[in-house]
file structure.pdb (PDB, C-alpha atoms)
MODEL        1
ATOM      1  CA  THR A 252     -13.238   7.872   5.038
ATOM      2  CA  GLN A 253     -10.196  10.041   5.606
ATOM      3  CA  LEU A 254      -8.608  11.269   2.391
ATOM      4  CA  LEU A 255      -4.940  11.878   1.750
ATOM      5  CA  GLU A 256      -4.251  14.098  -1.242
ATOM      6  CA  GLN A 257      -0.802  14.034  -2.776
ATOM      7  CA  SER A 258       0.690  16.639  -5.053
ATOM      8  CA  PRO A 259       1.882  16.722  -7.655
ATOM      9  CA  GLN A 260       0.283  13.673  -9.291
ATOM     10  CA  PHE A 261       3.080  13.384 -11.844
ATOM     11  CA  LEU A 262       6.600  14.708 -11.864
ATOM     12  CA  SER A 263       9.182  14.319 -14.604
ATOM     13  CA  ILE A 264      12.598  15.766 -13.837
ATOM     14  CA  GLN A 265      16.198  15.392 -14.861
ATOM     15  CA  GLU A 266      18.921  13.747 -12.856
ATOM     16  CA  GLY A 267      20.401  16.088 -10.280
ATOM     17  CA  GLU A 268      17.276  18.172  -9.699
ATOM     18  CA  ASN A 269      15.567  18.521  -6.328
ATOM     19  CA  LEU A 270      11.883  17.874  -5.745
ATOM     20  CA  THR A 271       9.240  17.895  -3.033
ATOM     21  CA  VAL A 272       6.119  15.768  -2.798
ATOM     22  CA  TYR A 273       3.272  16.818  -0.527
ATOM     23  CA  CYS A 274       0.709  14.743   1.328
ATOM     24  CA  ASN A 275      -2.237  16.617   2.837
ATOM     25  CA  SER A 276      -5.297  15.702   4.854
ATOM     26  CA  SER A 277      -7.974  17.506   6.806
ATOM     27  CA  SER A 278      -7.741  14.796   9.453
ATOM     28  CA  VAL A 279      -5.185  14.047  12.114
ATOM     29  CA  PHE A 280      -3.149  10.856  11.964
ATOM     30  CA  SER A 281      -1.208   9.252  14.772
ATOM     31  CA  SER A 282       1.645   8.582  12.375
ATOM     32  CA  LEU A 283       2.391   8.698   8.692
ATOM     33  CA  GLN A 284       4.307   6.365   6.437
ATOM     34  CA  TRP A 285       5.919   6.843   3.038
ATOM     35  CA  TYR A 286       6.232   4.039   0.514
ATOM     36  CA  ARG A 287       7.815   3.658  -2.910
ATOM     37  CA  GLN A 288       6.339   1.296  -5.459
ATOM     38  CA  GLU A 289       8.096   0.203  -8.628
ATOM     39  CA  PRO A 290       6.322  -1.298 -11.664
ATOM     40  CA  GLY A 291       5.318  -4.914 -11.123
ATOM     41  CA  GLU A 292       6.050  -4.815  -7.416
ATOM     42  CA  GLY A 293       4.310  -4.031  -4.166
ATOM     43  CA  PRO A 294       4.952  -0.864  -2.134
ATOM     44  CA  VAL A 295       8.055  -0.805   0.047
ATOM     45  CA  LEU A 296       8.112   1.157   3.287
ATOM     46  CA  LEU A 297      10.618   4.031   3.311
ATOM     47  CA  VAL A 298       9.928   5.690   6.644
ATOM     48  CA  THR A 299       7.435   6.191   9.463
ATOM     49  CA  VAL A 300       7.095   9.592  11.113
ATOM     50  CA  VAL A 301       5.315   9.769  14.425
ATOM     51  CA  THR A 302       5.757  13.094  16.181
ATOM     52  CA  GLY A 303       4.326  16.377  14.908
ATOM     53  CA  GLY A 304       7.153  18.441  13.425
ATOM     54  CA  GLU A 305       9.422  15.409  13.129
ATOM     55  CA  VAL A 306      12.040  15.393  10.389
ATOM     56  CA  LYS A 307      13.717  12.179   9.256
ATOM     57  CA  LYS A 308      16.504  11.831   6.740
ATOM     58  CA  LEU A 309      17.269   8.781   4.679
ATOM     59  CA  LYS A 310      20.359   9.553   2.567
ATOM     60  CA  ARG A 311      19.042  12.010  -0.065
ATOM     61  CA  LEU A 312      15.426  11.752   1.129
ATOM     62  CA  THR A 313      14.047  14.053   3.831
ATOM     63  CA  PHE A 314      10.646  13.398   5.362
ATOM     64  CA  GLN A 315       8.704  15.857   7.484
ATOM     65  CA  PHE A 316       5.524  15.408   9.522
ATOM     66  CA  GLY A 317       3.454  18.559   9.968
ATOM     67  CA  ASP A 318       3.108  20.078  13.427
ATOM     68  CA  ALA A 319      -0.621  19.309  13.465
ATOM     69  CA  ARG A 320      -0.019  15.758  12.137
ATOM     70  CA  LYS A 321      -2.302  16.392   9.156
ATOM     71  CA  ASP A 322       0.305  16.719   6.440
ATOM     72  CA  SER A 323       3.713  15.508   5.410
ATOM     73  CA  SER A 324       6.321  16.140   2.768
ATOM     74  CA  LEU A 325       9.058  14.180   1.061
ATOM     75  CA  HIS A 326      12.022  16.075  -0.343
ATOM     76  CA  ILE A 327      14.542  14.404  -2.631
ATOM     77  CA  THR A 328      17.884  16.057  -3.205
ATOM     78  CA  ALA A 329      19.840  15.464  -6.414
ATOM     79  CA  ALA A 330      17.384  12.955  -7.844
ATOM     80  CA  GLN A 331      18.723   9.877  -9.604
ATOM     81  CA  PRO A 332      17.086   7.554 -12.167
ATOM     82  CA  GLY A 333      16.864   4.942  -9.419
ATOM     83  CA  ASP A 334      14.404   7.208  -7.583
ATOM     84  CA  THR A 335      11.844   6.654 -10.350
ATOM     85  CA  GLY A 336       8.627   5.136  -9.055
ATOM     86  CA  LEU A 337       5.266   5.749  -7.424
ATOM     87  CA  TYR A 338       5.502   7.444  -4.035
ATOM     88  CA  LEU A 339       2.641   6.835  -1.632
ATOM     89  CA  CYS A 340       1.964   8.335   1.748
ATOM     90  CA  ALA A 341      -0.204   6.412   4.179
ATOM     91  CA  GLY A 342      -1.834   7.723   7.309
ATOM     92  CA  VAL A 343      -2.160   5.548  10.366
ATOM     93  CA  GLU A 344      -5.190   5.889  12.615
ATOM     94  CA  GLY A 345      -4.526   5.020  16.210
ATOM     95  CA  SER A 346      -2.072   2.247  16.886
ATOM     96  CA  THR A 347      -3.655  -0.384  14.674
ATOM     97  CA  ALA A 348      -1.734  -1.222  11.534
ATOM     98  CA  SER A 349      -4.894  -2.130   9.657
ATOM     99  CA  LYS A 350      -6.044   1.482   9.664
ATOM    100  CA  LEU A 351      -3.754   2.474   6.809
ATOM    101  CA  THR A 352      -5.238   5.109   4.516
ATOM    102  CA  PHE A 353      -3.137   5.560   1.401
ATOM    103  CA  GLY A 354      -2.664   8.791  -0.481
ATOM    104  CA  THR A 355      -3.480   9.341  -4.126
ATOM    105  CA  GLY A 356       0.155   8.811  -5.157
ATOM    106  CA  THR A 357       2.863  10.775  -6.944
ATOM    107  CA  ARG A 358       4.470   9.217  -9.981
ATOM    108  CA  LEU A 359       8.074  10.350 -10.332
ATOM    109  CA  GLN A 360      10.246   9.876 -13.394
ATOM    110  CA  VAL A 361      13.894  10.861 -13.300
ATOM    111  CA  THR A 362      15.713  10.939 -16.621
ATOM    112  CA  LEU A 363      19.387  11.210 -17.463
TER
ATOM    113  CA  ASP B  88      12.108  -9.863  -2.474
ATOM    114  CA  SER B  89       9.759  -9.125   0.453
ATOM    115  CA  GLY B  90       9.297 -12.793   1.357
ATOM    116  CA  VAL B  91       5.552 -12.567   0.665
ATOM    117  CA  THR B  92       4.388 -14.710  -2.243
ATOM    118  CA  GLN B  93       1.201 -14.338  -4.232
ATOM    119  CA  THR B  94      -0.300 -16.569  -6.874
ATOM    120  CA  PRO B  95      -1.256 -16.305  -9.617
ATOM    121  CA  LYS B  96       0.634 -13.297 -10.968
ATOM    122  CA  HIS B  97      -1.968 -12.647 -13.651
ATOM    123  CA  LEU B  98      -5.585 -13.725 -13.923
ATOM    124  CA  ILE B  99      -7.964 -13.089 -16.802
ATOM    125  CA  THR B 100     -11.592 -14.051 -16.408
ATOM    126  CA  ALA B 101     -15.094 -13.085 -17.459
ATOM    127  CA  THR B 102     -17.847 -11.160 -15.720
ATOM    128  CA  GLY B 103     -19.910 -13.240 -13.349
ATOM    129  CA  GLN B 104     -17.091 -15.658 -12.593
ATOM    130  CA  ARG B 105     -15.407 -16.445  -9.277
ATOM    131  CA  VAL B 106     -11.660 -16.466  -8.601
ATOM    132  CA  THR B 107      -9.380 -17.215  -5.666
ATOM    133  CA  LEU B 108      -6.169 -15.348  -4.984
ATOM    134  CA  ARG B 109      -3.581 -16.904  -2.728
ATOM    135  CA  CYS B 110      -1.011 -15.352  -0.406
ATOM    136  CA  SER B 111       1.781 -16.857   1.684
ATOM    137  CA  PRO B 112       3.106 -14.458   4.337
ATOM    138  CA  ARG B 113       6.721 -14.026   5.386
ATOM    139  CA  SER B 114       7.945 -16.752   7.685
ATOM    140  CA  GLY B 115       6.873 -15.936  11.233
ATOM    141  CA  ASP B 116       4.384 -13.208  10.334
ATOM    142  CA  LEU B 117       0.940 -13.709  11.849
ATOM    143  CA  SER B 118      -0.916 -10.802  10.217
ATOM    144  CA  VAL B 119      -2.079 -10.821   6.626
ATOM    145  CA  TYR B 120      -3.642  -7.849   4.866
ATOM    146  CA  TRP B 121      -5.366  -7.604   1.496
ATOM    147  CA  TYR B 122      -5.385  -4.430  -0.600
ATOM    148  CA  GLN B 123      -6.887  -3.464  -3.926
ATOM    149  CA  GLN B 124      -5.088  -1.005  -6.218
ATOM    150  CA  SER B 125      -6.970   0.511  -9.132
ATOM    151  CA  LEU B 126      -6.346   3.574 -11.263
ATOM    152  CA  ASP B 127      -9.393   5.454 -10.014
ATOM    153  CA  GLN B 128      -9.456   4.385  -6.337
ATOM    154  CA  GLY B 129      -5.756   4.088  -5.573
ATOM    155  CA  LEU B 130      -4.556   1.606  -2.960
ATOM    156  CA  GLN B 131      -7.350   0.599  -0.593
ATOM    157  CA  PHE B 132      -7.330  -1.661   2.431
ATOM    158  CA  LEU B 133      -9.773  -4.557   2.161
ATOM    159  CA  ILE B 134      -9.341  -6.846   5.153
ATOM    160  CA  GLN B 135      -6.881  -8.063   7.782
ATOM    161  CA  TYR B 136      -6.431 -11.433   9.457
ATOM    162  CA  TYR B 137      -4.318 -12.151  12.491
ATOM    163  CA  ASN B 138      -3.448 -15.737  13.376
ATOM    164  CA  GLY B 139      -6.523 -17.092  11.620
ATOM    165  CA  GLU B 140      -9.029 -14.564  12.930
ATOM    166  CA  GLU B 141     -10.510 -11.617  11.073
ATOM    167  CA  ARG B 142      -9.095  -8.487  12.668
ATOM    168  CA  ALA B 143     -10.342  -5.542  10.652
ATOM    169  CA  LYS B 144     -12.422  -4.787   7.604
ATOM    170  CA  GLY B 145     -12.007  -1.932   5.182
ATOM    171  CA  ASN B 146     -13.729  -1.220   1.898
ATOM    172  CA  ILE B 147     -14.435  -4.843   1.054
ATOM    173  CA  LEU B 148     -17.485  -5.675  -1.042
ATOM    174  CA  GLU B 149     -19.940  -8.352   0.098
ATOM    175  CA  ARG B 150     -19.035 -10.336  -3.042
ATOM    176  CA  PHE B 151     -15.498 -10.640  -1.691
ATOM    177  CA  SER B 152     -14.427 -12.841   1.184
ATOM    178  CA  ALA B 153     -11.177 -13.979   2.679
ATOM    179  CA  GLN B 154      -9.778 -16.433   5.169
ATOM    180  CA  GLN B 155      -6.506 -17.314   6.823
ATOM    181  CA  PHE B 156      -5.674 -20.962   7.266
ATOM    182  CA  PRO B 157      -3.862 -22.704  10.167
ATOM    183  CA  ASP B 158      -0.596 -22.619   8.199
ATOM    184  CA  LEU B 159      -1.152 -18.825   8.004
ATOM    185  CA  HIS B 160      -1.545 -18.607   4.249
ATOM    186  CA  SER B 161      -4.545 -16.589   3.128
ATOM    187  CA  GLU B 162      -6.989 -16.654   0.253
ATOM    188  CA  LEU B 163      -9.115 -13.853  -1.143
ATOM    189  CA  ASN B 164     -12.246 -15.014  -2.941
ATOM    190  CA  LEU B 165     -13.894 -12.711  -5.446
ATOM    191  CA  SER B 166     -17.281 -13.742  -6.831
ATOM    192  CA  SER B 167     -19.848 -12.430  -9.326
ATOM    193  CA  LEU B 168     -17.023 -10.493 -10.882
ATOM    194  CA  GLU B 169     -17.687  -7.173 -12.562
ATOM    195  CA  LEU B 170     -15.588  -5.150 -14.981
ATOM    196  CA  GLY B 171     -14.826  -2.713 -12.181
ATOM    197  CA  ASP B 172     -13.144  -5.425 -10.146
ATOM    198  CA  SER B 173     -10.215  -5.351 -12.560
ATOM    199  CA  ALA B 174      -7.289  -4.218 -10.432
ATOM    200  CA  LEU B 175      -4.052  -5.207  -8.755
ATOM    201  CA  TYR B 176      -4.613  -7.135  -5.559
ATOM    202  CA  PHE B 177      -1.826  -7.030  -3.004
ATOM    203  CA  CYS B 178      -1.271  -9.111   0.051
ATOM    204  CA  ALA B 179       0.948  -7.825   2.852
ATOM    205  CA  SER B 180       2.129  -9.428   6.058
ATOM    206  CA  SER B 181       3.495  -8.200   9.342
ATOM    207  CA  ALA B 182       4.627  -9.739  12.588
ATOM    208  CA  GLY B 183       1.782  -8.314  14.655
ATOM    209  CA  THR B 184      -1.044  -5.829  14.566
ATOM    210  CA  SER B 185       0.668  -2.674  15.763
ATOM    211  CA  ALA B 186       1.086   0.243  13.383
ATOM    212  CA  PHE B 187       4.800  -0.014  14.108
ATOM    213  CA  ASN B 188       5.014  -3.533  12.675
ATOM    214  CA  GLU B 189       6.207  -2.972   9.129
ATOM    215  CA  GLN B 190       3.944  -4.376   6.461
ATOM    216  CA  PHE B 191       5.745  -6.286   3.706
ATOM    217  CA  PHE B 192       3.909  -6.377   0.405
ATOM    218  CA  GLY B 193       3.847  -9.194  -2.095
ATOM    219  CA  PRO B 194       4.248  -8.628  -5.848
ATOM    220  CA  GLY B 195       0.491  -8.618  -6.406
ATOM    221  CA  THR B 196      -2.013 -10.415  -8.602
ATOM    222  CA  ARG B 197      -3.258  -8.518 -11.634
ATOM    223  CA  LEU B 198      -6.916  -9.380 -12.218
ATOM    224  CA  THR B 199      -8.523  -8.547 -15.536
ATOM    225  CA  VAL B 200     -12.273  -9.053 -15.887
ATOM    226  CA  LEU B 201     -13.498  -9.068 -19.469
TER
ENDMDL
END

call {"tool": "encode", "arguments": {"input": "structure.pdb", "output": "structure tokens"}}
result
Amino acid sequence: TQLLEQSPQFLSIQEGENLTVYCNSSSVFSSLQWYRQEPGEGPVLLVTVVTGGEVKKLKRLTFQFGDARKDSSLHITAAQPGDTGLYLCAGVEGSTASKLTFGTGTRLQVTL
Amino acid sequence: DSGVTQTPKHLITATGQRVTLRCSPRSGDLSVYWYQQSLDQGLQFLIQYYNGEERAKGNILERFSAQQFPDLHSELNLSSLELGDSALYFCASSAGTSAFNEQFFGPGTRLTVL
């Protein structure tokens, strides 16, 4: 089973700070997805990155896929309380959606 | 609201019992996925159905089984329950089976085995 390690596990920051979450694996994935999960709800897809070295921006969120397609990062600029939640990366094997391997998760809390 | 519904929201039962979790996918979605989320194992893929047929299996125990009915709703059956089966169980649906078909997750069923 391929393993996706996320770091840090927990992050508590104040509004306005920047942060980066890392997702690392020893295996290669064809693409990588990032999700955010809020308490009492299921994960919601934020982005899919496909090409090694790809960078995608979603407002204050910047996602990067490593050149070797083994790792990814999520950078949040000027964090807001609404960014609070569990961030999960998920690696995709091949082109089959069922082969989603989720990371260990990063729990982010943003306070005023 | 993802459009995926799951019932019940909470379930409390005893060891050795059997329970059934139900999932209704988004309108038009043919694929249904089941996931288990626990504190120690994280979010793990259990099984996928596409248009009534089993498509892929993940880390699903033999005590667990699932099916997708002609109206596309799905049920996950958990039997001979153990304390370690306590977890959040999520259903997700997507239009197809490609990795580029976004999976939409339901709100989950929280199972507590006492």

call {"tool": "resolve_selection", "arguments": {"input": "structure.pdb", "expression": "the PyMOL selection byres ((chain A) within 12 of (chain B))", "output": "NGL selection string"}}
result
:A and (252-257 or 260 or 280-301 or 337-357)

call {"tool": "atom_distance", "arguments": {"input": "structure.pdb", "atom1": "atom CA of Arg150 of chain B", "atom2": "atom CA of Leu165 of chain B"}}
result
6.2 Å

call {"tool": "atom_distance", "arguments": {"input": "structure.pdb", "atom1": "atom CA of Pro95 of chain B", "atom2": "atom CA of Arg109 of chain B"}}
result
7.3 Å

call {"tool": "atom_distance", "arguments": {"input": "structure.pdb", "atom1": "atom CA of His326 of chain A", "atom2": "atom CA of Ala174 of chain B"}}
result
29.8 Å

call {"tool": "resolve_selection", "arguments": {"input": "structure.pdb", "expression": "the PyMOL selection byres ((chain A and resi 323) around 9)", "output": "list in words"}}
result
Val272, Tyr273, Cys274, Asn275, Leu283, Val300, Phe314, Gln315, Phe316, Gly317, Arg320, Lys321, Asp322, Ser324, Leu325 and Cys340 of chain A

call {"tool": "resolve_selection", "arguments": {"input": "structure.pdb", "expression": "the PyMOL selection byres ((chain A and resi 261) around 7)", "output": "number ranges by chain"}}
result
A: 259-260, 262-263, 357-359

call {"tool": "residues_near_point", "arguments": {"input": "structure.pdb", "point": "(19.1, 13.8, 3.8)", "cutoff": "12 Å", "atoms": "only C-alpha atoms", "output": "count of residues only"}}
result
17

call {"tool": "residues_around", "arguments": {"input": "structure.pdb", "residues": "Asp116 of chain B", "least_positions_apart": "3", "cutoff": "7 Å", "atoms": "all atoms listed in the file", "output": "list in words"}}
result
Pro112, Arg113, Ser180, Ser181 and Ala182 of chain B

call {"tool": "residues_near_point", "arguments": {"input": "structure.pdb", "point": "(17.3, 16.5, -18.7)", "cutoff": "8 Å", "atoms": "only C-alpha atoms", "output": "ChimeraX atom specification"}}
result
/A:264-266,362-363

call {"tool": "write_last_selection", "arguments": {"input": "structure.pdb", "atoms": "C-alpha atoms", "output": "short mmCIF file (atom, residue, chain, number, x, y, z; two decimals), in the coordinates of the input"}}
result
data_model
loop_
_atom_site.label_atom_id
_atom_site.label_comp_id
_atom_site.auth_asym_id
_atom_site.auth_seq_id
_atom_site.Cartn_x
_atom_site.Cartn_y
_atom_site.Cartn_z
CA ILE A 264 12.60 15.77 -13.84
CA GLN A 265 16.20 15.39 -14.86
CA GLU A 266 18.92 13.75 -12.86
CA THR A 362 15.71 10.94 -16.62
CA LEU A 363 19.39 11.21 -17.46
#

call {"tool": "axis_aligned_box", "arguments": {"input": "structure.pdb", "around": "segment 106-109 of chain B", "padding_each_side": "3 Å", "output": "AutoDock Vina command-line options"}}
result
--center_x -7.6 --center_y -16.3 --center_z -5.7 --size_x 14.1 --size_y 7.9 --size_z 11.9

call {"tool": "closest_residue", "arguments": {"input": "structure.pdb", "among": "B:Thr199, B:Asn138, B:Gln124, B:Gln104", "to": "Ser161 of chain B", "atoms": "all atoms listed in the file"}}
result
B:Asn138

call {"tool": "closest_residue", "arguments": {"input": "structure.pdb", "among": "B:Ser166, B:Asp172, B:Leu198, B:Glu149", "to": "Gly103 of chain B", "atoms": "all atoms listed in the file"}}
result
B:Ser166

call {"tool": "decode", "arguments": {"input": "structure.pdb", "residues": "segment 117-128 of chain B", "atoms": "all heavy atoms", "output": "PDB file, in the first residue's frame"}}
result
ATOM      1  N   LEU B 117     -23.148   7.512 -11.575  1.00  0.00           N
ATOM      2  CA  LEU B 117     -23.240   6.056 -11.677  1.00  0.00           C
ATOM      3  C   LEU B 117     -22.271   5.342 -10.740  1.00  0.00           C
ATOM      4  O   LEU B 117     -22.455   4.168 -10.440  1.00  0.00           O
ATOM      5  CB  LEU B 117     -22.950   5.624 -13.120  1.00  0.00           C
ATOM      6  CG  LEU B 117     -23.911   6.143 -14.187  1.00  0.00           C
ATOM      7  CD1 LEU B 117     -23.473   5.652 -15.572  1.00  0.00           C
ATOM      8  CD2 LEU B 117     -25.346   5.696 -13.921  1.00  0.00           C
ATOM      9  N   SER B 118     -21.225   6.030 -10.307  1.00  0.00           N
ATOM     10  CA  SER B 118     -20.230   5.421  -9.421  1.00  0.00           C
ATOM     11  C   SER B 118     -20.495   5.776  -7.968  1.00  0.00           C
ATOM     12  O   SER B 118     -20.783   6.932  -7.651  1.00  0.00           O
ATOM     13  CB  SER B 118     -18.822   5.917  -9.779  1.00  0.00           C
ATOM     14  OG  SER B 118     -18.201   5.099 -10.720  1.00  0.00           O
ATOM     15  N   VAL B 119     -20.374   4.765  -7.120  1.00  0.00           N
ATOM     16  CA  VAL B 119     -20.481   4.970  -5.682  1.00  0.00           C
ATOM     17  C   VAL B 119     -19.246   4.369  -5.019  1.00  0.00           C
ATOM     18  O   VAL B 119     -18.823   3.265  -5.383  1.00  0.00           O
ATOM     19  CB  VAL B 119     -21.756   4.312  -5.103  1.00  0.00           C
ATOM     20  CG1 VAL B 119     -21.710   4.305  -3.590  1.00  0.00           C
ATOM     21  CG2 VAL B 119     -22.993   5.052  -5.585  1.00  0.00           C
ATOM     22  N   TYR B 120     -18.685   5.102  -4.087  1.00  0.00           N
ATOM     23  CA  TYR B 120     -17.503   4.652  -3.359  1.00  0.00           C
ATOM     24  C   TYR B 120     -17.826   4.641  -1.874  1.00  0.00           C
ATOM     25  O   TYR B 120     -18.541   5.516  -1.382  1.00  0.00           O
ATOM     26  CB  TYR B 120     -16.323   5.623  -3.573  1.00  0.00           C
ATOM     27  CG  TYR B 120     -16.024   5.968  -5.013  1.00  0.00           C
ATOM     28  CD1 TYR B 120     -16.787   6.913  -5.688  1.00  0.00           C
ATOM     29  CD2 TYR B 120     -14.968   5.377  -5.697  1.00  0.00           C
ATOM     30  CE1 TYR B 120     -16.519   7.256  -7.001  1.00  0.00           C
ATOM     31  CE2 TYR B 120     -14.684   5.709  -7.000  1.00  0.00           C
ATOM     32  CZ  TYR B 120     -15.456   6.647  -7.654  1.00  0.00           C
ATOM     33  OH  TYR B 120     -15.182   6.976  -8.956  1.00  0.00           O
ATOM     34  N   TRP B 121     -17.222   3.724  -1.145  1.00  0.00           N
ATOM     35  CA  TRP B 121     -17.326   3.706   0.311  1.00  0.00           C
ATOM     36  C   TRP B 121     -15.928   3.868   0.907  1.00  0.00           C
ATOM     37  O   TRP B 121     -14.959   3.245   0.443  1.00  0.00           O
ATOM     38  CB  TRP B 121     -17.946   2.401   0.802  1.00  0.00           C
ATOM     39  CG  TRP B 121     -19.422   2.311   0.581  1.00  0.00           C
ATOM     40  CD1 TRP B 121     -20.068   1.681  -0.442  1.00  0.00           C
ATOM     41  CD2 TRP B 121     -20.449   2.877   1.411  1.00  0.00           C
ATOM     42  NE1 TRP B 121     -21.419   1.816  -0.308  1.00  0.00           N
ATOM     43  CE2 TRP B 121     -21.691   2.549   0.828  1.00  0.00           C
ATOM     44  CE3 TRP B 121     -20.444   3.626   2.587  1.00  0.00           C
ATOM     45  CZ2 TRP B 121     -22.909   2.934   1.379  1.00  0.00           C
ATOM     46  CZ3 TRP B 121     -21.648   4.017   3.139  1.00  0.00           C
ATOM     47  CH2 TRP B 121     -22.860   3.673   2.545  1.00  0.00           C
ATOM     48  N   TYR B 122     -15.855   4.710   1.941  1.00  0.00           N
ATOM     49  CA  TYR B 122     -14.600   4.961   2.648  1.00  0.00           C
ATOM     50  C   TYR B 122     -14.830   4.828   4.153  1.00  0.00           C
ATOM     51  O   TYR B 122     -15.917   5.082   4.654  1.00  0.00           O
ATOM     52  CB  TYR B 122     -14.096   6.389   2.385  1.00  0.00           C
ATOM     53  CG  TYR B 122     -13.652   6.663   0.968  1.00  0.00           C
ATOM     54  CD1 TYR B 122     -14.565   7.069   0.005  1.00  0.00           C
ATOM     55  CD2 TYR B 122     -12.316   6.535   0.607  1.00  0.00           C
ATOM     56  CE1 TYR B 122     -14.159   7.345  -1.293  1.00  0.00           C
ATOM     57  CE2 TYR B 122     -11.897   6.812  -0.686  1.00  0.00           C
ATOM     58  CZ  TYR B 122     -12.822   7.208  -1.633  1.00  0.00           C
ATOM     59  OH  TYR B 122     -12.409   7.473  -2.912  1.00  0.00           O
ATOM     60  N   GLN B 123     -13.760   4.466   4.845  1.00  0.00           N
ATOM     61  CA  GLN B 123     -13.785   4.419   6.295  1.00  0.00           C
ATOM     62  C   GLN B 123     -12.761   5.425   6.819  1.00  0.00           C
ATOM     63  O   GLN B 123     -11.623   5.467   6.323  1.00  0.00           O
ATOM     64  CB  GLN B 123     -13.417   3.015   6.789  1.00  0.00           C
ATOM     65  CG  GLN B 123     -13.395   2.865   8.304  1.00  0.00           C
ATOM     66  CD  GLN B 123     -12.735   1.567   8.738  1.00  0.00           C
ATOM     67  OE1 GLN B 123     -11.569   1.315   8.406  1.00  0.00           O
ATOM     68  NE2 GLN B 123     -13.464   0.725   9.448  1.00  0.00           N
ATOM     69  N   GLN B 124     -13.169   6.258   7.781  1.00  0.00           N
ATOM     70  CA  GLN B 124     -12.238   7.221   8.366  1.00  0.00           C
ATOM     71  C   GLN B 124     -12.147   6.985   9.863  1.00  0.00           C
ATOM     72  O   GLN B 124     -13.129   7.128  10.585  1.00  0.00           O
ATOM     73  CB  GLN B 124     -12.670   8.656   8.089  1.00  0.00           C
ATOM     74  CG  GLN B 124     -11.648   9.699   8.531  1.00  0.00           C
ATOM     75  CD  GLN B 124     -12.037  11.112   8.121  1.00  0.00           C
ATOM     76  OE1 GLN B 124     -13.207  11.489   8.159  1.00  0.00           O
ATOM     77  NE2 GLN B 124     -11.059  11.917   7.692  1.00  0.00           N
ATOM     78  N   SER B 125     -10.965   6.598  10.318  1.00  0.00           N
ATOM     79  CA  SER B 125     -10.739   6.402  11.745  1.00  0.00           C
ATOM     80  C   SER B 125      -9.518   7.200  12.156  1.00  0.00           C
ATOM     81  O   SER B 125      -8.718   7.618  11.319  1.00  0.00           O
ATOM     82  CB  SER B 125     -10.534   4.918  12.066  1.00  0.00           C
ATOM     83  OG  SER B 125      -9.395   4.429  11.375  1.00  0.00           O
ATOM     84  N   LEU B 126      -9.387   7.407  13.467  1.00  0.00           N
ATOM     85  CA  LEU B 126      -8.289   8.237  13.968  1.00  0.00           C
ATOM     86  C   LEU B 126      -6.936   7.618  13.659  1.00  0.00           C
ATOM     87  O   LEU B 126      -5.979   8.317  13.319  1.00  0.00           O
ATOM     88  CB  LEU B 126      -8.440   8.454  15.477  1.00  0.00           C
ATOM     89  CG  LEU B 126      -9.514   9.468  15.873  1.00  0.00           C
ATOM     90  CD1 LEU B 126      -9.692   9.504  17.376  1.00  0.00           C
ATOM     91  CD2 LEU B 126      -9.174  10.848  15.331  1.00  0.00           C
ATOM     92  N   ASP B 127      -6.841   6.285  13.762  1.00  0.00           N
ATOM     93  CA  ASP B 127      -5.527   5.669  13.584  1.00  0.00           C
ATOM     94  C   ASP B 127      -5.217   5.320  12.133  1.00  0.00           C
ATOM     95  O   ASP B 127      -4.060   5.304  11.735  1.00  0.00           O
ATOM     96  CB  ASP B 127      -5.407   4.415  14.475  1.00  0.00           C
ATOM     97  CG  ASP B 127      -6.527   3.426  14.227  1.00  0.00           C
ATOM     98  OD1 ASP B 127      -7.547   3.815  13.631  1.00  0.00           O
ATOM     99  OD2 ASP B 127      -6.386   2.257  14.628  1.00  0.00           O
ATOM    100  N   GLN B 128      -6.240   5.065  11.309  1.00  0.00           N
ATOM    101  CA  GLN B 128      -5.987   4.643   9.922  1.00  0.00           C
ATOM    102  C   GLN B 128      -6.223   5.750   8.903  1.00  0.00           C
ATOM    103  O   GLN B 128      -5.891   5.593   7.732  1.00  0.00           O
ATOM    104  CB  GLN B 128      -6.888   3.460   9.554  1.00  0.00           C
ATOM    105  CG  GLN B 128      -6.652   2.213  10.393  1.00  0.00           C
ATOM    106  CD  GLN B 128      -5.377   1.511   9.996  1.00  0.00           C
ATOM    107  OE1 GLN B 128      -4.892   1.647   8.881  1.00  0.00           O
ATOM    108  NE2 GLN B 128      -4.810   0.765  10.920  1.00  0.00           N
TER     109      GLN B 128
END
